[in-house]
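A quick write-up on the structure given underneath.
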Amino acid sequence: PLRTALDARREILLQRLRECGVGYAEPVEVTAAGEGGALTTRWRAAWTPSVAARLDLVGVRGVTAAQAADGTLRENHRRAAEAGRVTPARVVALLGAAARCALTDLLHDGLTEAERVLPGAAALPELLDALDLLESIRRRHLPGTSEPVRIRAARLAGLLLDAAVRLLPGLAGSDETRDAVAVVTLAVRSAADRLGLRLDGELYALSRSGSPLLQGAAQAARVL
């Protein structure tokens, strides 16, 4: 979606309208080659009378698509906070929405909240989801990626990798498949970030004292 300036503007507008709940366009799943994530997007769009009505409604959030999307996302997050429903997954979702919609101020606010919430509250699969998002930001795969944002994303990624390694001992008794998958995924990701001996030590401990499922995952991760 970022191959040309026109493509980027289209992508950003469609993302903003989607976050506002206008109902004009919905993304269509794109299959990536190999194990990587898809770098392109496809949309199915249709203009209906309800779209015009919803545009009038979201206009109370702002006079531009950027203002309306920013206002909608902030209001939804505020309501979740008041209800005590700000989970790590919601923090990651807000960060992703801000990046896809190129909402710079909200993206910085989301990074600040992520720095505060995720290292101490997120489970390993949630940390990996956040790391995938931060990698997309760092590689400029998302539109809201200025240089200051990329620097902050890189710093946060380091914090989350450290937090992920610290979580490994707590998974020793788990029989959850998603935890085993997360252990292997972390090992693959950490190879590029050179966590090396720290991670290997935790994996060795899991391979000796973990549940049968986690022992197998840790042993597999150590030979990757």
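Residue names in the structure tokens use chain letters A, B, ... in the order shown, residue numbers from 1 in each chain, and ligand numbers from 1 in the order shown.
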
Name the residues in contact with Arg139 in chain A at a cut-off of 9 Å, using only C-alpha atoms, excluding same-chain residues fewer than 5 positions from it; report them as a ChimeraX atom specification.
-> /A:134,145,150

What are the DSSP strand (DSSP E or B) residues of range 41-221 of chain A, as a count of residues only?
-> 4

Select from range 91-155 of chain A every residue with an atom at most 10 Å from any atom of range 167-180 of chain A, then for each give the shortest pair of atoms and their distance in Å to one decimal, using only C-alpha atoms, rows by chain and rising number, as JSON lines.
{"residue": "A:Pro119", "atom": "CA", "partner": "A:Leu167", "partner_atom": "CA", "distance": 9.9}
{"residue": "A:Gly120", "atom": "CA", "partner": "A:Leu167", "partner_atom": "CA", "distance": 9.7}
{"residue": "A:Ala122", "atom": "CA", "partner": "A:Leu167", "partner_atom": "CA", "distance": 9.5}
{"residue": "A:Ala123", "atom": "CA", "partner": "A:Leu167", "partner_atom": "CA", "distance": 7.8}
{"residue": "A:Leu124", "atom": "CA", "partner": "A:Leu167", "partner_atom": "CA", "distance": 6.9}
{"residue": "A:Pro125", "atom": "CA", "partner": "A:Asp179", "partner_atom": "CA", "distance": 7.2}

Computed interatomic separation between CA of Asp70 in chain A and CA of Ala98 in chain A (Å) = 7.9 Å

If you run DSSP on the backbone, which residues of range 8-82 of chain A are helix (DSSP H, G or I), as a ChimeraX atom specification?
-> /A:8-19,49-61,65-82

How would the residues just picked look written out with N, CA and C atoms as a short mmCIF file (atom, residue, chain, number, x, y, z; two decimals), in the first residue's frame?
data_model
loop_
_atom_site.label_atom_id
_atom_site.label_comp_id
_atom_site.auth_asym_id
_atom_site.auth_seq_id
_atom_site.Cartn_x
_atom_site.Cartn_y
_atom_site.Cartn_z
N ALA A 8 -0.45 5.31 -0.77
CA ALA A 8 -0.40 5.55 0.67
C ALA A 8 -1.60 6.37 1.13
N ARG A 9 -1.94 7.41 0.37
CA ARG A 9 -3.09 8.25 0.75
C ARG A 9 -4.38 7.44 0.72
N ARG A 10 -4.53 6.59 -0.28
CA ARG A 10 -5.72 5.75 -0.36
C ARG A 10 -5.81 4.80 0.83
N GLU A 11 -4.69 4.14 1.12
CA GLU A 11 -4.66 3.19 2.23
C GLU A 11 -5.00 3.88 3.55
N ILE A 12 -4.40 5.03 3.78
CA ILE A 12 -4.63 5.74 5.03
C ILE A 12 -6.10 6.16 5.15
N LEU A 13 -6.67 6.67 4.07
CA LEU A 13 -8.07 7.09 4.11
C LEU A 13 -8.99 5.91 4.40
N LEU A 14 -8.76 4.78 3.74
CA LEU A 14 -9.61 3.61 3.96
C LEU A 14 -9.48 3.10 5.40
N GLN A 15 -8.26 3.12 5.93
CA GLN A 15 -8.07 2.70 7.31
C GLN A 15 -8.80 3.63 8.28
N ARG A 16 -8.72 4.93 8.02
CA ARG A 16 -9.39 5.89 8.90
C ARG A 16 -10.90 5.72 8.86
N LEU A 17 -11.45 5.54 7.66
CA LEU A 17 -12.89 5.34 7.54
C LEU A 17 -13.32 4.06 8.24
N ARG A 18 -12.49 3.04 8.14
CA ARG A 18 -12.83 1.78 8.81
C ARG A 18 -12.87 1.95 10.32
N GLU A 19 -11.89 2.64 10.88
CA GLU A 19 -11.87 2.84 12.33
C GLU A 19 -13.05 3.69 12.79
N PRO A 49 -26.47 4.07 0.88
CA PRO A 49 -27.05 5.20 1.62
C PRO A 49 -26.62 5.25 3.08
N SER A 50 -26.39 4.08 3.69
CA SER A 50 -25.99 4.07 5.09
C SER A 50 -24.60 4.67 5.29
N VAL A 51 -23.74 4.58 4.26
CA VAL A 51 -22.41 5.18 4.37
C VAL A 51 -22.53 6.69 4.55
N ALA A 52 -23.39 7.31 3.75
CA ALA A 52 -23.57 8.75 3.86
C ALA A 52 -24.09 9.14 5.24
N ALA A 53 -25.01 8.34 5.77
CA ALA A 53 -25.56 8.64 7.09
C ALA A 53 -24.49 8.50 8.17
N ARG A 54 -23.66 7.47 8.06
CA ARG A 54 -22.61 7.28 9.07
C ARG A 54 -21.55 8.36 8.98
N LEU A 55 -21.27 8.84 7.78
CA LEU A 55 -20.32 9.94 7.64
C LEU A 55 -20.80 11.17 8.40
N ASP A 56 -22.09 11.43 8.33
CA ASP A 56 -22.64 12.56 9.08
C ASP A 56 -22.47 12.35 10.58
N LEU A 57 -22.66 11.12 11.04
CA LEU A 57 -22.55 10.83 12.47
C LEU A 57 -21.12 10.98 12.97
N VAL A 58 -20.15 10.46 12.21
CA VAL A 58 -18.77 10.53 12.68
C VAL A 58 -18.22 11.94 12.56
N GLY A 59 -18.94 12.81 11.85
CA GLY A 59 -18.49 14.19 11.74
C GLY A 59 -18.41 14.91 13.07
N VAL A 60 -19.10 14.40 14.09
CA VAL A 60 -19.02 15.03 15.41
C VAL A 60 -17.64 14.84 16.03
N ARG A 61 -16.87 13.86 15.53
CA ARG A 61 -15.52 13.61 16.05
C ARG A 61 -14.47 14.51 15.40
N ALA A 65 -11.09 13.21 8.00
CA ALA A 65 -11.02 11.78 8.32
C ALA A 65 -10.00 11.52 9.42
N ALA A 66 -8.90 12.26 9.41
CA ALA A 66 -7.88 12.08 10.44
C ALA A 66 -8.42 12.45 11.82
N GLN A 67 -9.09 13.59 11.90
CA GLN A 67 -9.65 14.02 13.18
C GLN A 67 -10.73 13.06 13.66
N ALA A 68 -11.58 12.60 12.74
CA ALA A 68 -12.65 11.69 13.12
C ALA A 68 -12.10 10.36 13.62
N ALA A 69 -11.09 9.82 12.92
CA ALA A 69 -10.50 8.55 13.35
C ALA A 69 -9.80 8.70 14.69
N ASP A 70 -9.04 9.79 14.84
CA ASP A 70 -8.35 10.04 16.11
C ASP A 70 -9.36 10.16 17.25
N GLY A 71 -10.41 10.93 17.02
CA GLY A 71 -11.42 11.11 18.06
C GLY A 71 -12.14 9.82 18.40
N THR A 72 -12.45 9.02 17.40
CA THR A 72 -13.15 7.75 17.63
C THR A 72 -12.28 6.79 18.43
N LEU A 73 -11.02 6.65 18.03
CA LEU A 73 -10.12 5.73 18.73
C LEU A 73 -9.88 6.17 20.17
N ARG A 74 -9.69 7.46 20.36
CA ARG A 74 -9.46 7.96 21.72
C ARG A 74 -10.68 7.77 22.60
N GLU A 75 -11.87 8.04 22.05
CA GLU A 75 -13.09 7.90 22.84
C GLU A 75 -13.34 6.43 23.20
N ASN A 76 -13.13 5.53 22.26
CA ASN A 76 -13.31 4.10 22.55
C ASN A 76 -12.33 3.64 23.63
N HIS A 77 -11.11 4.15 23.54
CA HIS A 77 -10.10 3.75 24.53
C HIS A 77 -10.43 4.35 25.90
N ARG A 78 -10.92 5.58 25.91
CA ARG A 78 -11.31 6.21 27.18
C ARG A 78 -12.42 5.42 27.85
N ARG A 79 -13.41 5.00 27.08
CA ARG A 79 -14.50 4.22 27.65
C ARG A 79 -14.01 2.88 28.19
N ALA A 80 -13.09 2.26 27.47
CA ALA A 80 -12.53 0.99 27.95
C ALA A 80 -11.78 1.20 29.26
N ALA A 81 -11.05 2.32 29.36
CA ALA A 81 -10.30 2.60 30.58
C ALA A 81 -11.25 2.83 31.75
N GLU A 82 -12.34 3.54 31.51
CA GLU A 82 -13.31 3.79 32.58
C GLU A 82 -13.96 2.49 33.05
#

Name all residues at most 12 Å from Ile151 in chain A (count only C-alpha atoms; drop same-chain ones fewer than 3 positions away) and give them as a VMD selection string.
-> chain A and resid 108 111 134 to 135 137 to 140 145 to 148 154 to 158

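Separating CA of Arg100 in chain A from CA of Ser190 in chain A is a distance of 25.4 Å.
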
Using only C-alpha atoms: which of A:Asp105, A:Thr64, A:Gly23, A:Ala187 has the shortest distance to Arg44 in chain A |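 Counting only C-alpha atoms, the residue closest to Arg44 in chain A is A:Gly23.
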
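For the choices A:Leu159, A:Leu128, A:Val223, A:Val183, the atom-to-atom distance to Gly210 in chain A is smallest for A:Val183 when using only C-alpha atoms.
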
Interatomic distance (Å, one decimal) between CA of Leu103 in chain A and CA of Ala163 in chain A |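 Value for the CA of Leu103 in chain A-CA of Ala163 in chain A distance: 27.2 Å.
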